[in-house]
Structure formats: C-alpha cells, structure tokens
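Let me begin by presenting the structure, written as structure tokens, before commenting on it.
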Amino acid sequence: MPLEPIGKTLLVTGGCGFIGSNFLRLALRAPAAWTRIINLDKLTYAGRLENVAGLAGDPRYSFVHADICDPEAVAGVFAEHRPSAVVHLAAESHVDRSILHPQAFVRTNVEGTLVLLEAAQRFWASLEGSAREGFRFLHASTDEVYGSLAPEAPPFTEASPYAPRSPYAASKAASDHLVRAYSATYGLPVLLSNCSNNYGPFQLPEKLIPLLIRFALQGRPLPVYGDGLQVRDWLYVEDHCRALLLLLAAGRPGQTYNVGGEEERTNLAITEQVCRLLDALRPKAGGSYRDQIELVADRPGHDRRYAVDAGKLRRELGWRPHMESLEDGLSTTVAWYLEHEGWMEQVTGGGYSGWIAENYDRRGQS
Ligand code: NAD
Ligand code: DAU
C-alpha cells in the first residue's frame with residue numbers, strides 16, 4: 001500500500017527561526033489553510049521556542065525537536081506525518097558566523113539539505129496519483145549565491161551565474177545545486193526561492209537592524225562595517241513568507257524564483273533611519289542615537305551590493321509586497337522591538353554575549 005499524505009500536511013524546517021516563525025504564523029492564518037503544520041527544528045542558538053510560543057495552542061500545529069542532519073530522525077518524521085509539501089528554511093544563516101566558524105554551515109546547509117532531500121525523495125517515490133502530483137519541496141535560498149554586484153549592474157535575475165563569496169553563501173549555493181540535482185535526477189518536484197535581505201519582527205539581534213536597535217538602547221557604539229556604503233535590497237519578512245505560500249500553491253516545479261523588495265539602501269542609510277525612528281519613539285537625553293554610529297573594521301570579503309529582480313514572481317504569480325515602503329516597514333519594525341524588549345532579553349541570553357564579544361570586541365575602527 002503506498003503511503004498517502006495525511007490531509008494537507010506541511011512540513012516546515014527551521015520554524016523556530018526568524019523567517020520560519022513568521023512563515024508559520026502566516027500559513028496558519030492563510031485562507032486555504034493547511035490541515036496540519038509540523039515544525040522540525042534543532043533549536044540552535046538561532047531557533048527559539050519564544051518565537052512560536054503563540055502557536056502552541058493551535059491543534060493544527062506541532063513541533064518536532066530534531067536535526068536535519070540526522071537521517072533516522074528525518075525519515076521518521078516523513079513516515080509519521082506523511083507531508084504533502086516541505087518548506088525548507090532550516091539553516092545556519094549568519095554571514096559573520098560563517099567567516100569565523102564555517103564547518104557548521106557545511107554540515108547543516110549542505111549535508112542537512114541532502115539528508116532532507118533524500119528522505120523527501122524516498123517518501124515522494126512511494127506516493128501515487130494526485131498525492132505524487134501535488135507534492136512539493138520548496139527550498140528557501142538567498143540572493144547571496146549570485147555574489148557581489150557592481151554599482152550600476154542590473155539586479156540579479158534567475159539566470160545570473162552563481163558566484164558565492166562567503167562560506168555561508170557557498171554552502172547555500174551547494175544546497176541549491178543539490179536541490180536542482182534531485183529534480184533532474186529523480187524528478188522530485190522542487191521549487192527554489194532566492195530572496196534578498198529580510199527584516200521585521202523576531203529577527204535575532206545578531207543581524208544588522210535588530211542589532212542596531214539593541215545596541216542603541218544599550219548606549220553602545222553602532223558598528224557599521226567599512227565605509228557603510230555597501231548596498232542591500234530589503235524586504236519585509238511577511239512579504240517573503242507570502243511569496244513562499246504562493247510558490248507552494250502555484251509555482252512551477254523545477255523552477256527558481258527570485259524574491260526581493262526592490263528597496264536598495266546603503267547600510268549607513270539604514271543605520272541613520274533606525275536612529276531617526278528611535279529618536280522619535282524613544283528620545284534619549286542630550287543628543288541623537290546617530291552620535292553612537294561608528295565605522296568599524298570591514299567584514300572580510302564583504303559583498304558590495306545585492307539587488308534582486310523579482311519580475312518572474314510578479315509576472316507568473318502576481319506577487320507584490322504588501323508593505324508600502326521600506327520606511328513604513330522600518331517604522332513598524334522599530335516599534336515592534338521597542339514593544340518586545342522582554343523577548344529581546346530572552347533571545348539574547350545564553351551564548352549571545354559570547355558571540356558579540358567575539359565579533360565586535362577586538363574589531364577596531366575602519
Ligand atoms: P535563522 O538563523 O533565524 O533560523 C534558522 C532556523 O533553523 C533556526 O530555528 C534553527 O534552530 C534552525 N536550524 C539550524 N540548523 C538546524 C538543523 N541542523 N536542523 C534543524 N533545524 C536547524 O534563519 P532565517 O533568517 O530565518 O533564515 C531562514 C532561511 O531563509 C535560511 O535558509 C536562510 O538561508 C534563508 N534566507 C534568509 C534571509 C534573511 O534575510 N534572513 C534571506 C534569504 C534567505
Ligand atoms: O541577502 C540575503 C541574506 O541577508 C541572507 O541570506 C542572510 O541569511 C542574512 O543574514 C542577510 O545577510 P547579510 O550579511 O546581508 O545580513 P546582515 O544583517 O548580517 O548584514 C547586513 C549588512 O550590514 C551587511 O552589508 C553587513 C552590514 N553589517 C552587519 C552587521 C551585523 C554592519 O555593517 N554591521 C554589523 O554589525
């Protein structure tokens with residue numbers, strides 16, 4: 001007897017992280033709701049049960065504490081829960097950490113993705129009829145696989161060549177190639193999304209925007225790498241999650257879709273805007289948060305610019321960001337962090353201060 005998926009069951013990996021937790025909230029609110037959503041997460045330093053605390057009472061939601069690098073555990077999840085689709089978000093995601101500790105990136109992002117693909121492929125091969133037809137494996141990847149753009153170059157398209165330049169980007173590029181290999185070799189119905197920089201609620205303050213907010217409130221210097229003129233293309237996290245839901249529903253199997261906000265800004269411009277918002281929402285005595293900005297030694301191999309052409313996703317699936325502008329999104333985001341200082345304290349316990357000391361204490365000025 002072939003195994004059938006149970007109802008509409010979605011397996012999400014990395015659901016306790018930043019994008020994962022936002023994705024779970026959105027998927028459970030979505031009209032064409034999933035019957036069940038399984039969140040498989042290892043709970044690394046970046047995976048926090050605090051991020052999904054609000055979901056615990058939903059009977060459609062369940063959590064599995066497991067490592068995607070563990071073949072038995074992963075196969076067990078497929079056998080028990082028999083998903084109709086997978087959204088693969090579990091990863092080591094911070095570029096600075098990949099520079100200092102690359103091994104974990106190869107293990108989770110490359111080996112872990114391979115373990116997940118193998119389990120998915122074996123499960124999918126056991127399906128028949130509409131269950132087999134409808135199965136999807138959606139791999140969440142990054143624009144960083146395309147490398148660094150020259151100032152006037154057109155944004156990355158799905159045809160841009162891969163040219164990763166950090167251990168993180170290289171590990172994500174390798175995982176993308178494995179996902180495509182499982183499509184070409186075994187026919188697994190995969191989808192890939194390559195997204196630009198996300199921002200919004202529940203992002204760990206190791207990434208630029210929440211780190212600036214935290215450091216500003218603590219009265220610490222705001223560390224801007226190099227000359228601060230590197231450019232990133234920012235997208236509000238829920239808009240990325242909407243793209244993922246659309247891809248699951250209507251993306252063409254085997255295809256890659258770029259996702260991005262088409263909101264390019266320099267890091268210095270982002271930092272100044274965060275300071276302006278904090279000055280308005282939480283004024284400090286005797287000056288502006290801008291006075292805390294400090295140019296510090298650059299990230300090695302720092303990519304100068306990313307920009308994403310999301311035209312394929314817009315044309316084929318009618319996707320568009322709901323957030324009106326980056327300025328609106330930043331304002332919503334800064335307000336959220338100010339209202340969730342308790343969350344910020346919880347997620348910056350444990351090893352967080354060790355990481356901050358390792359990355360910043362002996363950095364020196366630029
Ligand atoms: P994150 O670091 O906030 O969360 C990663 C999650 O994966 C955590 O919950 C962690 O516990 C879990 N995880 C890590 N290793 C695991 C393992 N071996 N087994 C099971 N779970 C494990 O990351 P994020 O920013 O939410 O990114 C999610 C995905 O989206 C990643 O694949 C990342 O490459 C991709 N992405 C992120 C961005 C961005 O701007 N944050 C942009 C484009 C793509
Ligand atoms: O582009 C998508 C990628 O965006 C995702 O794939 C990654 O998972 C995600 O972490 C993000 O990578 P970045 O390296 O761009 O994000 P980060 O927030 O670390 O840095 C944003 C920019 O700000 C980058 O140019 C480096 C700079 N920066 C960052 C930190 C943490 C600083 O200047 N100072 C800092 O302290």
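Residue numbering restarts at 1 for every chain of the structure tokens, chains are lettered A, B, ... in their displayed order, and ligands are numbered from 1 as they appear.
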Task: Given 6 Å and only C-alpha atoms and all ligand atoms, residues near ligand 1 as a count of residues only - done: 30
- [ ] For segment 329-342 of chain A, work out the shell of residues within 12 Å, counting only C-alpha atoms and skipping chain neighbours fewer than 4 positions away, then give it as number ranges by chain.
- [x] A: 50-51, 198-205, 209-214, 216-218, 234-239, 261, 263, 269-282, 321-325, 346-349
Would you mind exporting C-alpha atoms of the selected residues as a PDB file, in the first residue's frame?
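See selection_5.pdb below for the written result:
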ATOM      1  CA  GLU A  50       9.785  32.026  22.319  1.00  0.00           C
ATOM      2  CA  ASN A  51       9.303  32.808  18.601  1.00  0.00           C
ATOM      3  CA  ASN A 198      14.593  40.223   5.207  1.00  0.00           C
ATOM      4  CA  TYR A 199      13.759  42.441   8.149  1.00  0.00           C
ATOM      5  CA  GLY A 200      10.919  42.575  10.654  1.00  0.00           C
ATOM      6  CA  PRO A 201       9.765  41.101  13.983  1.00  0.00           C
ATOM      7  CA  PHE A 202      11.503  38.114  15.607  1.00  0.00           C
ATOM      8  CA  GLN A 203      14.906  38.602  13.948  1.00  0.00           C
ATOM      9  CA  LEU A 204      17.765  37.769  16.294  1.00  0.00           C
ATOM     10  CA  PRO A 205      19.820  40.864  17.186  1.00  0.00           C
ATOM     11  CA  ILE A 209      18.678  46.056  12.026  1.00  0.00           C
ATOM     12  CA  PRO A 210      17.786  44.427  15.376  1.00  0.00           C
ATOM     13  CA  LEU A 211      21.428  44.654  16.443  1.00  0.00           C
ATOM     14  CA  LEU A 212      21.385  48.413  15.840  1.00  0.00           C
ATOM     15  CA  ILE A 213      18.194  48.769  17.881  1.00  0.00           C
ATOM     16  CA  ARG A 214      19.587  46.744  20.771  1.00  0.00           C
ATOM     17  CA  ALA A 216      21.380  51.897  20.521  1.00  0.00           C
ATOM     18  CA  LEU A 217      19.195  51.272  23.568  1.00  0.00           C
ATOM     19  CA  GLN A 218      22.212  49.957  25.478  1.00  0.00           C
ATOM     20  CA  TRP A 234      15.411  44.904   1.862  1.00  0.00           C
ATOM     21  CA  LEU A 235      12.115  43.012   2.056  1.00  0.00           C
ATOM     22  CA  TYR A 236       9.651  42.913   4.954  1.00  0.00           C
ATOM     23  CA  VAL A 237       9.635  39.333   6.241  1.00  0.00           C
ATOM     24  CA  GLU A 238       5.886  38.737   5.839  1.00  0.00           C
ATOM     25  CA  ASP A 239       6.163  39.639   2.174  1.00  0.00           C
ATOM     26  CA  GLY A 261      11.845  44.208  -2.168  1.00  0.00           C
ATOM     27  CA  GLU A 263      14.373  48.656  -1.981  1.00  0.00           C
ATOM     28  CA  ALA A 269      21.280  54.978   5.256  1.00  0.00           C
ATOM     29  CA  ILE A 270      19.570  52.108   7.120  1.00  0.00           C
ATOM     30  CA  THR A 271      21.517  52.933  10.280  1.00  0.00           C
ATOM     31  CA  GLU A 272      20.597  56.610  10.107  1.00  0.00           C
ATOM     32  CA  GLN A 273      16.926  55.790   9.528  1.00  0.00           C
ATOM     33  CA  VAL A 274      16.870  53.429  12.529  1.00  0.00           C
ATOM     34  CA  CYS A 275      18.420  56.226  14.620  1.00  0.00           C
ATOM     35  CA  ARG A 276      15.808  58.740  13.405  1.00  0.00           C
ATOM     36  CA  LEU A 277      12.991  56.348  14.341  1.00  0.00           C
ATOM     37  CA  LEU A 278      14.487  55.713  17.779  1.00  0.00           C
ATOM     38  CA  ASP A 279      14.968  59.453  18.319  1.00  0.00           C
ATOM     39  CA  ALA A 280      11.249  59.898  17.662  1.00  0.00           C
ATOM     40  CA  LEU A 281       9.940  56.855  19.556  1.00  0.00           C
ATOM     41  CA  ARG A 282      12.409  56.645  22.466  1.00  0.00           C
ATOM     42  CA  PRO A 321       4.910  43.211  -1.379  1.00  0.00           C
ATOM     43  CA  HIS A 322       2.093  44.364   0.916  1.00  0.00           C
ATOM     44  CA  MET A 323       4.388  46.672   2.902  1.00  0.00           C
ATOM     45  CA  GLU A 324       4.139  50.046   1.174  1.00  0.00           C
ATOM     46  CA  SER A 325       7.779  51.079   1.543  1.00  0.00           C
ATOM     47  CA  GLN A 346      15.120  36.241  26.384  1.00  0.00           C
ATOM     48  CA  VAL A 347      16.707  35.599  22.992  1.00  0.00           C
ATOM     49  CA  THR A 348      19.942  37.338  23.881  1.00  0.00           C
ATOM     50  CA  GLY A 349      20.579  35.065  26.860  1.00  0.00           C
TER      51      GLY A 349
END
- [ ] Using DSSP on the backbone, list every residue of segment 159-296 of chain A that comes out as alpha helix (DSSP H), and give them as an MDAnalysis selection string.
- [x] chainID A and resid 167:186 208:218 237:250 267:281
Open item on the list: Counting only C-alpha atoms and all ligand atoms, what are the residues, protein, DNA or RNA alike, that approach ligand 2 to within 6 Å? I want them as an NGL selection string.
Closed with: :A and (93-95 or 142-144 or 196-197 or 206-208 or 223-225 or 230 or 267)
TODO: Would you mind writing down, as a list in words, each residue of segment 7-68 of chain A that DSSP on the backbone assigns to strand (DSSP E or B)?
DONE: Thr9, Leu10, Leu11, Val12, Thr13, Arg36, Ile37, Ile38, Asn39, Leu40, Asp41, Tyr61, Ser62, Phe63, Val64 and His65 of chain A
Task: Using only C-alpha atoms: which of A:Ser126, A:Ser171, A:Ser98, A:Thr256 has the shortest distance to Arg299 of chain A - done: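 Residue with the minimum atom-to-atom distance to Arg299 of chain A: A:Ser98.
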Task: Interatomic distance (Å, one decimal) between atom CA of Gly134 of chain A and atom CA of Ala120 of chain A - done: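 Separating atom CA of Gly134 of chain A from atom CA of Ala120 of chain A is a distance of 13.3 Å.
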Task: Nearby residues (only C-alpha atoms) at most 7 Å from Ile38 of chain A, same-chain spacing under 3 positions excluded, as a ChimeraX atom specification - done: /A:10-12,61-63
- [ ] Could you please determine the separation between atom CA of Ala153 of chain A and atom CA of Val231 of chain A in Å, to one decimal place?
- [x]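 Interatomic distance here is 12.4 Å.
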For segment 300-304 of chain A, work out the shell of residues within 7 Å, counting only C-alpha atoms and skipping chain neighbours fewer than 3 positions away, then give it as a short mmCIF file (atom, residue, chain, number, x, y, z; two decimals) with N, CA, C and O atoms, in the first residue's frame.
data_model
loop_
_atom_site.label_atom_id
_atom_site.label_comp_id
_atom_site.auth_asym_id
_atom_site.auth_seq_id
_atom_site.Cartn_x
_atom_site.Cartn_y
_atom_site.Cartn_z
N GLY A 147 26.65 36.37 -5.59
CA GLY A 147 27.86 37.15 -5.38
C GLY A 147 27.60 38.63 -5.26
O GLY A 147 26.52 39.06 -4.83
N SER A 148 28.60 39.43 -5.63
CA SER A 148 28.55 40.88 -5.39
C SER A 148 28.32 41.63 -6.70
O SER A 148 29.00 41.38 -7.69
N LEU A 149 27.36 42.57 -6.68
CA LEU A 149 27.01 43.32 -7.91
C LEU A 149 27.81 44.61 -7.98
O LEU A 149 27.96 45.31 -6.97
N ARG A 165 30.62 34.17 -2.29
CA ARG A 165 31.91 34.69 -1.83
C ARG A 165 32.13 34.54 -0.33
O ARG A 165 33.20 34.89 0.16
N SER A 166 31.13 34.08 0.43
CA SER A 166 31.36 33.80 1.85
C SER A 166 31.08 32.32 2.07
O SER A 166 30.37 31.70 1.27
N GLN A 230 27.98 49.79 1.51
CA GLN A 230 27.50 48.54 0.88
C GLN A 230 25.98 48.64 0.76
O GLN A 230 25.31 49.23 1.62
N VAL A 231 25.46 48.03 -0.29
CA VAL A 231 24.02 48.15 -0.58
C VAL A 231 23.35 46.80 -0.41
O VAL A 231 23.86 45.78 -0.91
#
Task: Close residues, segment 186-190 of chain A itself excluded, 12 Å, only C-alpha atoms, min 3 positions apart in chain, as a PyMOL selection string - done: chain A and resi 84-88+117-127+131-140+176-183+193+247-248+251-257
- [ ] Kindly indicate which residue among A:Val296, A:Leu40, A:Leu26, A:Val77 lies nearest to His65 of chain A, using only C-alpha atoms for the distances.
- [x]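 Closest candidate: A:Leu40.
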